[in-house]
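Novice: Input structure: upload_10.cif, which contains mmCIF, C-alpha atoms.
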data_data
#
loop_
_atom_site.label_atom_id
_atom_site.label_comp_id
_atom_site.auth_asym_id
_atom_site.auth_seq_id
_atom_site.Cartn_x
_atom_site.Cartn_y
_atom_site.Cartn_z
CA MET K 13 0.00 0.00 0.00
CA PRO K 14 1.72 3.23 -1.09
CA PHE K 15 1.90 6.22 1.19
CA ASN K 16 2.09 9.86 0.19
CA PHE K 17 3.85 12.13 2.64
CA ARG K 18 3.73 15.30 0.58
CA PHE K 19 2.14 18.25 2.35
CA GLY K 20 -0.51 18.79 -0.34
CA ARG K 21 -3.23 21.29 -0.85
CA PRO K 22 -6.53 20.54 0.84
CA LYS K 23 -9.31 19.49 -1.46
CA GLY K 24 -12.44 21.56 -1.28
CA GLY K 25 -12.01 25.18 -0.19
CA LEU K 26 -13.82 26.79 2.71
CA PHE K 27 -14.08 29.94 0.58
CA TRP K 28 -16.25 28.18 -2.00
CA ARG K 29 -18.39 26.54 0.68
CA THR K 30 -19.02 29.89 2.34
CA PHE K 31 -19.62 31.52 -1.04
CA LEU K 32 -22.08 28.79 -2.02
CA LEU K 33 -24.01 29.02 1.25
CA LEU K 34 -24.23 32.81 1.01
CA GLY K 35 -25.29 32.55 -2.64
CA VAL K 36 -28.04 30.03 -1.83
CA LEU K 37 -29.21 32.13 1.11
CA THR K 38 -29.31 35.27 -1.06
CA THR K 39 -31.19 33.48 -3.86
CA LEU K 40 -33.80 32.05 -1.48
CA SER K 41 -34.21 35.43 0.23
CA MET K 42 -34.65 37.20 -3.11
CA ALA K 43 -37.15 34.61 -4.34
CA SER K 44 -39.13 34.93 -1.11
CA TRP K 45 -39.05 38.73 -1.38
CA ILE K 46 -40.30 38.66 -4.99
CA GLY K 47 -43.08 36.26 -4.06
CA MET K 48 -44.13 38.38 -1.10
CA ILE K 49 -44.11 41.58 -3.18
CA SER K 50 -46.19 39.90 -5.87
CA VAL K 51 -48.84 38.78 -3.37
CA VAL K 52 -48.95 42.03 -1.41
CA GLN K 53 -48.86 44.26 -4.49
CA ARG K 54 -51.43 42.32 -6.52
CA GLU K 55 -54.61 43.80 -5.00
CA PRO K 56 -53.50 47.48 -5.03
CA GLN K 57 -52.12 47.09 -8.55
CA ALA K 58 -55.36 45.50 -9.81
CA GLN K 59 -57.37 48.33 -8.22
CA GLN K 60 -55.13 50.98 -9.76
CA VAL K 61 -55.17 49.45 -13.27
CA ALA K 62 -58.95 48.88 -13.17
CA ALA K 63 -59.55 52.48 -12.09
CA GLN K 64 -57.34 53.70 -14.93
CA VAL K 65 -59.14 51.56 -17.52
CA ILE K 66 -62.58 52.60 -16.23
CA SER K 67 -61.59 56.26 -16.29
CA VAL K 68 -60.19 56.11 -19.85
CA VAL K 69 -63.23 54.21 -21.21
CA THR K 70 -65.71 56.51 -19.47
CA ILE K 71 -64.00 59.71 -20.65
CA THR K 72 -63.56 58.39 -24.21
CA ARG K 73 -67.19 57.30 -24.44
CA ALA K 74 -68.40 60.63 -23.06
CA ALA K 75 -66.19 62.58 -25.46
CA LEU K 76 -67.42 60.62 -28.47
CA THR K 77 -71.04 60.84 -27.35
CA HIS K 78 -71.13 64.58 -26.78
CA SER K 79 -68.88 65.70 -29.64
CA ALA K 80 -70.21 66.92 -32.96
CA PRO K 81 -70.19 64.23 -35.68
CA ASP K 82 -67.90 66.25 -37.93
CA LEU K 83 -65.34 66.65 -35.10
CA ARG K 84 -65.15 62.98 -34.02
CA ARG K 85 -62.45 62.15 -36.56
CA GLU K 86 -60.20 64.92 -35.24
CA LEU K 87 -60.96 63.76 -31.68
CA LEU K 88 -59.93 60.20 -32.50
CA ILE K 89 -56.68 61.42 -34.10
CA GLU K 90 -55.92 63.52 -31.01
CA LEU K 91 -56.57 60.57 -28.69
CA VAL K 92 -54.14 58.42 -30.68
CA SER K 93 -51.39 61.03 -30.89
CA ASN K 94 -51.59 62.38 -27.31
CA GLU K 95 -52.96 59.56 -25.18
CA GLY K 96 -52.10 56.42 -27.15
CA ILE K 97 -55.82 55.50 -27.26
CA ARG K 98 -57.44 53.98 -30.32
CA VAL K 99 -61.12 53.30 -30.93
CA PHE K 100 -62.31 50.73 -33.45
CA SER K 101 -65.69 49.35 -34.33
CA LEU K 102 -66.35 45.93 -32.85
CA GLU K 103 -67.24 43.46 -35.58
CA ASP K 104 -68.52 39.94 -35.17
CA ASP K 105 -65.73 38.54 -37.36
CA ASP K 106 -62.91 40.14 -35.36
CA GLU K 107 -60.06 37.73 -34.51
CA VAL K 108 -59.85 38.02 -30.75
CA GLU K 109 -57.15 36.55 -28.49
CA PRO K 110 -58.05 36.32 -24.78
CA PRO K 111 -55.91 38.12 -22.22
CA PRO K 112 -53.36 36.24 -20.07
CA ASP K 113 -54.93 33.95 -17.50
CA THR K 114 -53.26 35.46 -14.43
CA GLU K 115 -54.54 36.34 -10.98
CA LEU K 116 -53.84 40.02 -11.61
CA MET K 117 -55.82 40.03 -14.88
CA LYS K 118 -58.75 38.24 -13.24
CA LEU K 119 -58.94 40.90 -10.54
CA ILE K 120 -58.76 43.71 -13.15
CA GLN K 121 -61.55 42.16 -15.23
CA ALA K 122 -63.80 41.68 -12.22
CA ARG K 123 -63.44 45.31 -11.12
CA VAL K 124 -63.91 46.72 -14.64
CA LYS K 125 -67.01 44.58 -15.32
CA ALA K 126 -68.49 45.64 -11.98
CA THR K 127 -68.43 49.25 -13.21
CA LEU K 128 -68.80 49.09 -17.01
CA GLY K 129 -71.12 46.11 -17.20
CA ALA K 130 -70.93 42.33 -17.24
CA ASP K 131 -70.87 42.25 -21.06
CA THR K 132 -67.52 44.07 -21.21
CA ARG K 133 -64.99 42.07 -23.20
CA PHE K 134 -61.21 41.99 -22.91
CA SER K 135 -58.50 40.95 -25.32
CA SER K 136 -54.72 41.02 -25.69
CA ARG K 137 -54.80 40.93 -29.50
CA VAL K 138 -57.51 41.92 -32.01
CA ASN K 139 -57.01 41.23 -35.71
CA GLY K 140 -53.30 40.63 -35.09
CA GLN K 141 -52.71 43.95 -33.29
CA ARG K 142 -51.35 43.65 -29.73
CA GLY K 143 -52.56 45.87 -26.92
CA PHE K 144 -54.96 46.04 -24.01
CA TRP K 145 -58.40 45.89 -25.60
CA VAL K 146 -61.66 46.76 -23.79
CA SER K 147 -65.12 46.83 -25.35
CA PHE K 148 -67.75 49.46 -24.65
CA LYS K 149 -71.04 50.56 -26.21
CA ILE K 150 -72.47 53.87 -27.35
CA GLU K 151 -76.21 53.27 -27.59
CA ASP K 152 -76.48 50.16 -29.82
CA ASP K 153 -73.00 50.38 -31.39
CA ALA K 154 -70.10 48.37 -29.95
CA TYR K 155 -66.49 49.56 -30.03
CA TRP K 156 -63.04 48.40 -29.10
CA LEU K 157 -60.83 50.74 -27.09
CA MET K 158 -57.13 49.87 -27.26
CA LEU K 159 -54.62 51.11 -24.68
CA GLU K 160 -50.86 50.85 -24.88
CA ARG K 161 -49.85 47.81 -22.82
CA GLU K 162 -47.15 49.84 -21.09
CA ARG K 163 -49.80 52.06 -19.49
CA ILE K 164 -51.53 49.29 -17.60
CA THR K 165 -48.81 46.67 -17.01
CA SER K 166 -46.21 46.56 -14.30
CA LEU K 167 -42.79 45.01 -14.71
CA THR K 168 -42.73 42.26 -17.33
CA GLY K 169 -41.11 38.87 -16.85
CA VAL K 170 -38.04 39.99 -18.81
CA GLN K 171 -37.76 43.12 -16.66
CA TRP K 172 -38.14 41.10 -13.49
CA LEU K 173 -35.45 38.73 -14.79
CA GLY K 174 -33.16 41.63 -15.62
CA TRP K 175 -33.51 43.22 -12.21
CA ALA K 176 -33.17 39.83 -10.54
CA GLY K 177 -29.97 39.26 -12.53
CA VAL K 178 -28.54 42.62 -11.43
CA VAL K 179 -29.45 41.98 -7.81
CA SER K 180 -28.04 38.43 -8.01
CA LEU K 181 -24.77 39.69 -9.50
CA VAL K 182 -24.38 42.33 -6.80
CA SER K 183 -25.30 39.78 -4.13
CA LEU K 184 -22.79 37.22 -5.43
CA LEU K 185 -20.06 39.86 -5.56
CA GLY K 186 -20.91 40.77 -1.99
CA ALA K 187 -20.91 37.07 -1.03
CA ALA K 188 -17.47 36.65 -2.62
CA LEU K 189 -16.14 39.68 -0.74
CA ILE K 190 -17.60 38.49 2.56
CA SER K 191 -16.28 34.95 1.99
CA GLY K 192 -12.83 36.31 1.23
CA LEU K 193 -12.80 38.46 4.37
CA ILE K 194 -14.05 35.58 6.52
CA ASN K 195 -11.54 33.07 5.13
CA LEU K 196 -8.53 35.40 4.90
CA PRO K 197 -7.37 34.72 8.51
CA LEU K 198 -7.77 30.98 7.98
CA LYS K 199 -5.88 31.20 4.67
CA ARG K 200 -3.02 32.99 6.41
CA LEU K 201 -3.02 30.38 9.17
CA THR K 202 -2.96 27.54 6.62
CA HIS K 203 -0.06 29.13 4.74
CA ALA K 204 1.87 29.58 7.99
CA ALA K 205 1.21 25.94 8.95
CA ARG K 206 2.59 24.83 5.57
CA GLU K 207 5.69 26.90 6.15
CA ILE K 208 6.23 25.15 9.48
CA ALA K 209 5.70 21.75 7.83
CA ARG K 210 8.44 22.64 5.32
CA GLY K 211 10.77 23.53 8.16
CA ALA K 212 10.64 27.29 7.59
CA ARG K 213 9.75 29.98 10.10
CA PRO K 214 6.60 31.83 8.92
CA ASP K 215 6.04 35.54 9.34
CA PRO K 216 4.05 36.44 12.47
CA LEU K 217 0.30 36.48 11.88
CA PRO K 218 -1.41 39.86 12.39
CA GLU K 219 -3.05 39.99 15.81
CA LYS K 220 -6.00 42.14 14.76
CA GLY K 221 -9.62 41.70 13.76
CA PRO K 222 -12.36 39.84 15.66
CA GLU K 223 -11.50 38.51 19.10
CA GLU K 224 -11.51 34.86 17.97
CA VAL K 225 -9.06 35.62 15.13
CA ARG K 226 -6.80 37.67 17.38
CA LEU K 227 -6.66 34.91 20.00
CA ALA K 228 -6.00 32.20 17.39
CA ASN K 229 -3.22 34.20 15.71
CA ARG K 230 -1.67 35.14 19.05
CA SER K 231 -1.66 31.48 20.13
CA PHE K 232 -0.17 30.41 16.80
CA ASN K 233 2.59 33.03 17.01
CA GLN K 234 3.36 31.86 20.54
CA MET K 235 3.52 28.27 19.33
CA VAL K 236 5.96 29.23 16.55
CA ASP K 237 8.20 30.95 19.10
CA ASP K 238 8.03 27.90 21.38
CA LEU K 239 8.92 25.59 18.49
CA GLN K 240 11.85 27.80 17.60
CA ARG K 241 13.12 27.60 21.18
CA VAL K 242 12.67 23.83 21.15
CA GLU K 243 14.69 23.61 17.93
CA SER K 244 17.44 25.72 19.45
CA ASP K 245 17.47 23.65 22.64
CA ARG K 246 17.52 20.45 20.59
CA ALA K 247 20.54 21.66 18.63
CA VAL K 248 22.38 22.30 21.91
CA ILE K 249 21.34 18.91 23.27
CA LEU K 250 22.49 17.15 20.11
CA ALA K 251 25.88 18.82 20.33
CA GLY K 252 26.12 17.73 23.96
CA ILE K 253 25.15 14.15 23.16
CA SER K 254 27.71 13.96 20.39
CA HIS K 255 30.47 15.16 22.71
CA ASP K 256 29.44 13.51 25.99
CA LEU K 257 28.74 10.05 24.53
CA ARG K 258 31.22 9.66 21.74
CA THR K 259 34.18 10.86 23.78
CA PRO K 260 33.77 8.03 26.37
CA LEU K 261 33.20 5.57 23.53
CA ALA K 262 36.49 6.64 21.97
CA ARG K 263 38.27 6.13 25.31
CA MET K 264 36.66 2.73 25.68
CA GLN K 265 37.81 1.80 22.18
CA LEU K 266 41.36 2.84 23.05
CA GLU K 267 41.31 0.95 26.35
CA VAL K 268 40.05 -2.18 24.60
CA GLU K 269 42.93 -1.93 22.11
CA MET K 270 45.50 -1.59 24.91
CA ALA K 271 43.98 -4.10 27.33
CA GLU K 272 45.27 -7.66 27.54
CA LEU K 273 42.21 -9.49 26.30
CA SER K 274 41.59 -12.57 24.31
CA PRO K 275 40.86 -11.99 20.60
CA GLU K 276 37.29 -13.14 21.08
CA ALA K 277 36.65 -10.74 23.99
CA ARG K 278 38.33 -7.85 22.20
CA GLU K 279 36.33 -8.45 19.03
CA GLY K 280 33.06 -8.67 20.99
CA MET K 281 33.69 -5.45 22.91
CA GLN K 282 34.70 -3.63 19.73
CA SER K 283 31.50 -4.82 18.07
CA ASP K 284 29.41 -3.55 20.99
CA ILE K 285 31.15 -0.17 20.91
CA ALA K 286 30.61 0.11 17.14
CA GLN K 287 26.95 -0.79 17.55
CA MET K 288 26.51 1.88 20.28
CA ASP K 289 28.19 4.44 18.03
CA ALA K 290 25.89 3.48 15.13
CA ILE K 291 22.79 3.82 17.33
CA ILE K 292 23.92 7.26 18.52
CA ALA K 293 24.50 8.28 14.88
CA GLN K 294 20.98 7.18 13.99
CA PHE K 295 19.49 9.19 16.83
CA LEU K 296 21.45 12.27 15.76
CA ASP K 297 20.42 11.84 12.11
CA TYR K 298 16.76 11.46 13.06
CA ALA K 299 16.74 14.50 15.33
CA LYS K 300 18.85 16.74 13.11
CA PRO K 301 16.69 19.48 11.50
CA THR K 302 16.76 20.15 7.76
CA GLU K 303 16.65 23.85 6.94
CA GLN K 304 15.37 24.91 3.53
CA THR K 305 17.79 27.83 3.64
CA SER K 306 20.54 25.24 3.05
CA PHE K 307 18.98 23.96 -0.19
CA LEU K 308 21.12 24.15 -3.31
CA LEU K 309 20.76 23.02 -6.91
CA LEU K 310 21.82 19.36 -6.93
CA ASP K 311 22.56 16.89 -9.71
CA VAL K 312 20.66 13.83 -8.49
CA SER K 313 22.06 11.56 -11.21
CA ALA K 314 25.64 12.29 -10.19
CA MET K 315 24.76 11.81 -6.51
CA LEU K 316 23.12 8.42 -7.18
CA GLU K 317 26.10 7.37 -9.30
CA GLU K 318 28.40 8.18 -6.40
CA VAL K 319 26.20 6.28 -3.92
CA ALA K 320 26.08 3.25 -6.23
CA HIS K 321 29.88 3.33 -6.67
CA GLU K 322 30.41 3.41 -2.90
CA ALA K 323 27.92 0.54 -2.42
CA THR K 324 29.80 -1.72 -4.84
CA ARG K 325 32.77 -1.65 -2.48
CA LEU K 326 30.79 -3.65 0.04
CA PRO K 327 31.46 -7.38 -0.31
CA ASP K 328 27.80 -8.45 -0.02
CA VAL K 329 26.23 -5.86 -2.37
CA TRP K 330 25.70 -5.94 -6.13
CA VAL K 331 24.30 -2.75 -7.68
CA GLN K 332 22.74 -2.20 -11.09
CA THR K 333 21.90 1.37 -12.15
CA GLY K 334 19.69 2.96 -14.75
CA LEU K 335 20.12 6.70 -14.37
CA CYS K 336 18.95 9.61 -16.48
CA GLU K 337 21.05 12.67 -17.17
CA GLY K 338 20.26 16.22 -16.20
CA ALA K 339 17.97 15.40 -13.24
CA GLN K 340 18.34 18.37 -10.92
CA VAL K 341 16.49 19.24 -7.71
CA MET K 342 16.70 21.79 -4.94
CA GLY K 343 17.81 20.18 -1.69
CA ASN K 344 20.41 19.60 0.97
CA ALA K 345 23.21 17.46 -0.46
CA THR K 346 24.23 15.93 2.87
CA ASP K 347 20.69 14.98 3.85
CA LEU K 348 19.73 13.53 0.44
CA LYS K 349 22.91 11.49 0.30
CA ARG K 350 22.12 10.21 3.80
CA VAL K 351 18.69 9.17 2.48
CA PHE K 352 20.19 7.24 -0.44
CA ASN K 353 22.80 5.58 1.77
CA ASN K 354 20.14 4.57 4.28
CA LEU K 355 18.10 2.95 1.51
CA VAL K 356 21.15 1.03 0.28
CA GLU K 357 21.93 -0.07 3.84
CA ASN K 358 18.31 -1.09 4.40
CA ALA K 359 18.41 -3.24 1.26
CA ARG K 360 21.80 -4.70 2.25
CA ARG K 361 20.53 -5.75 5.66
CA TYR K 362 17.02 -6.95 4.92
CA GLY K 363 16.86 -7.46 1.13
CA LYS K 364 19.38 -10.19 0.43
CA THR K 365 18.40 -12.55 -2.38
CA PRO K 366 17.01 -15.79 -0.91
CA GLY K 367 19.57 -18.59 -0.85
CA THR K 368 22.53 -16.20 -1.13
CA ASP K 369 24.46 -13.76 1.02
CA LEU K 370 24.28 -11.11 -1.68
CA ALA K 371 21.98 -8.08 -1.78
CA GLU K 372 21.07 -7.28 -5.38
CA ILE K 373 20.02 -3.62 -5.58
CA ASP K 374 18.58 -1.85 -8.62
CA ILE K 375 18.80 1.96 -8.60
CA HIS K 376 16.78 3.78 -11.26
CA CYS K 377 16.24 7.49 -11.90
CA THR K 378 13.85 8.95 -14.48
CA LEU K 379 12.81 12.47 -15.34
CA LYS K 380 9.07 12.74 -16.01
CA GLY K 381 7.75 16.23 -16.65
CA ARG K 382 8.50 18.34 -13.60
CA GLN K 383 9.24 15.32 -11.41
CA VAL K 384 12.37 13.29 -10.70
CA ILE K 385 11.43 9.68 -9.90
CA ILE K 386 14.01 7.57 -8.02
CA GLU K 387 13.55 3.87 -7.25
CA PHE K 388 15.54 1.51 -5.02
CA GLN K 389 14.67 -2.16 -5.56
CA ASP K 390 15.97 -5.27 -3.84
CA HIS K 391 15.39 -8.94 -4.64
CA GLY K 392 14.68 -10.15 -1.12
CA VAL K 393 11.57 -11.69 0.38
CA GLY K 394 9.68 -8.39 0.57
CA VAL K 395 7.39 -7.27 3.37
CA PRO K 396 3.88 -8.49 4.25
CA GLU K 397 1.33 -6.06 2.82
CA ASP K 398 -0.27 -5.45 6.22
CA GLN K 399 3.10 -4.46 7.69
CA LEU K 400 4.21 -1.91 5.08
CA THR K 401 2.82 0.89 7.23
CA GLN K 402 5.08 -0.14 10.10
CA LEU K 403 8.32 0.38 8.17
CA LEU K 404 8.24 4.17 8.47
CA LYS K 405 7.49 4.30 12.19
CA PRO K 406 10.43 5.22 14.44
CA PHE K 407 11.96 2.45 16.59
CA THR K 408 10.05 -0.21 14.65
CA ARG K 409 11.61 -3.33 13.13
CA LEU K 410 9.74 -6.22 11.61
CA ASP K 411 10.07 -9.66 13.17
CA THR K 412 11.74 -11.05 10.04
CA ALA K 413 14.56 -8.52 10.37
CA ARG K 414 15.23 -8.48 14.10
CA SER K 415 17.86 -11.18 14.00
CA GLN K 416 19.92 -9.04 11.62
CA ALA K 417 19.20 -5.63 13.11
CA ASN K 418 22.10 -3.61 14.51
CA GLY K 419 20.33 -0.25 14.70
CA ALA K 420 17.48 1.41 16.54
CA GLY K 421 14.89 1.04 13.79
CA LEU K 422 15.26 4.61 12.56
CA GLY K 423 16.62 4.08 9.02
CA LEU K 424 13.41 4.55 7.02
CA ALA K 425 12.03 6.98 9.60
CA ILE K 426 15.04 9.20 8.89
CA VAL K 427 14.36 8.85 5.15
CA GLU K 428 10.71 9.85 5.58
CA ARG K 429 11.61 12.80 7.81
CA VAL K 430 14.19 14.23 5.42
CA LEU K 431 11.99 13.76 2.35
CA GLN K 432 9.11 15.50 4.08
CA LYS K 433 11.32 18.58 4.46
CA HIS K 434 12.07 18.37 0.74
CA GLU K 435 8.33 18.23 -0.11
CA ALA K 436 8.92 14.82 -1.69
CA GLU K 437 6.67 11.81 -2.07
CA LEU K 438 7.65 8.45 -0.58
CA LEU K 439 5.99 5.26 -1.85
CA LEU K 440 6.54 1.70 -0.62
CA ARG K 441 5.35 -1.45 -2.35
CA ASN K 442 6.42 -5.02 -2.88
CA ARG K 443 8.20 -6.00 -6.07
CA GLU K 444 6.79 -8.63 -8.38
CA GLY K 445 8.95 -11.71 -8.00
CA GLY K 446 10.05 -10.76 -4.49
CA GLY K 447 11.67 -7.79 -2.88
CA LEU K 448 10.75 -4.23 -1.91
CA ILE K 449 10.48 -1.11 -4.08
CA ILE K 450 11.01 2.27 -2.47
CA ARG K 451 10.08 5.15 -4.76
CA ILE K 452 10.95 8.79 -4.19
CA VAL K 453 9.31 11.55 -6.22
CA LEU K 454 11.10 14.91 -6.04
CA ASN K 455 10.17 18.18 -7.70
CA ALA K 456 12.56 18.93 -10.55
CA ALA K 457 14.40 22.23 -10.33
#
Could you rewrite the structure in this file as structure tokens?

Specialist:
Amino acid sequence: MPFNFRFGRPKGGLFWRTFLLLGVLTTLSMASWIGMISVVQREPQAQQVAAQVISVVTITRAALTHSAPDLRRELLIELVSNEGIRVFSLEDDDEVEPPPDTELMKLIQARVKATLGADTRFSSRVNGQRGFWVSFKIEDDAYWLMLERERITSLTGVQWLGWAGVVSLVSLLGAALISGLINLPLKRLTHAAREIARGARPDPLPEKGPEEVRLANRSFNQMVDDLQRVESDRAVILAGISHDLRTPLARMQLEVEMAELSPEAREGMQSDIAQMDAIIAQFLDYAKPTEQTSFLLLDVSAMLEEVAHEATRLPDVWVQTGLCEGAQVMGNATDLKRVFNNLVENARRYGKTPGTDLAEIDIHCTLKGRQVIIEFQDHGVGVPEDQLTQLLKPFTRLDTARSQANGAGLGLAIVERVLQKHEAELLLRNREGGGLIIRIVLNAA
């Protein structure tokens, strides 16, 4: 089962969640507001439109009734030019289209018929001409009176849609601004946490804004200062350990050389001293910090070639390489070389080919896009799938390797720790045919 230890970007942003929630809330609020306005405004609007229609029909009928016959034509022309009112004779063969079947129109018709008579007719189109048509009678003659639709209609659906679009756009812009302001402190905190994960010291977070943000930023800044003090104290402790432990070990080594001991006893004591020195070295390597300020442009191919050449000097190691040219990364040369040497040592100890005392190690390096992919493969027995996760835990050694172990179980833990500082990806899986594959994916420079 492969494991990815890269400090990646979180999937799914809080900004978009906040923006979406605010957008949904704004849309629902606007829809509720439009619905409420439509219901509340319907009755007054119907009363106003009906009164206007009744007034226009009454005045027009009175004007036509009481005007001289020879002046009616001029009166009709004046009504069309000044008031947008047209009067036509109502014929039985007129092509009539009924008005829209809406609640507002039903209320208007009821109020107009209550005043002008139950036989009043309404239409939205007569003989192909659109308008608001109302019938009326002068004695026994029937007429159509047509009003401009704009005079008696409120906002149309297109107008409502346009205004709703403007309001929605403004609301969404406001939601984006609010979401950005709300998530800005969290974004700063996330960026600072990533800086710490990469081993860098982030800039202090601003201790301003709402009380919760100020307290969180103040606590984070205090934590960064505490971590910095811990790092400093650890560096002092490591220097003390190196001096206080290795100096007595050196004296013990000298005393063993000068003491009158049997060859077996001398060899055993020297082996114990070497093992203690190796364990101390592992502890120091694991605890040693990797600073990104020490990163330089490194030729990984040349470094792997050097590691492979040094490994071939060991009597129980056989190395085969397949390296690309021009693979360069930004990193710490000492730490990356320690990683490669640890992987070779891990394969030498636990990856010997079954039936032999030889560790066959394949080292490959490929350049794929903006990534440098490095693989260390052995031909041993591999690792049980359910125990792959245990390999990277500090002070952990598998049962199959304990009889050969001379360290503290920190080899791969050191590898994982250093690669995490280099923002690299570490993958472990068993090799087909036996053995373990350790893959490292570094960002190409």

Novice: I'd like the interatomic distance between atom CA of Gln340 of chain K and atom CA of Phe352 of chain K, to a tenth of an Å.

Specialist: 15.4 Å

Novice: Go through K:Val108, K:Ile66, K:Leu185, K:Leu239 and flag the residue nearest Thr38 of chain K, using all atoms listed in the file for the distances.

Specialist: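 With all atoms listed in the file as the atom set, the closest residue is K:Leu185.
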
Novice: Distance atom CA of Gly143 of chain K-atom CA of Val178 of chain K, one decimal place?

Specialist: 28.8 Å

Novice: Excluding Ala286 of chain K and any residue of its chain fewer than 4 positions from it, enumerate the residues within 12 Å of it, using only C-alpha atoms, and give them as a PyMOL selection string.

Specialist: chain K and resi 258+261-262+264-265+279-282+290-293+418-419

Novice: What's the separation between atom CA of Gly177 of chain K and atom CA of Leu40 of chain K, in Å to one decimal place?

Specialist: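 Interatomic distance here is 13.7 Å.
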
Novice: Any idea what's packed within 9 Å of Leu128 of chain K, counting all atoms listed in the file, ignoring anything in its chain fewer than 2 positions away? Could you give it as a PyMOL selection string?

Specialist: chain K and resi 66+69-70+123-126+130-132+148

Novice: Go through K:Ala436, K:Ala359, K:Leu379, K:Met315 one by one, measure the shortest atom-to-atom distance of each to Leu448 of chain K using all atoms listed in the file, and give the residue with the smallest value.

Specialist: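 Among the listed residues, the smallest separation from Leu448 of chain K belongs to K:Ala359.
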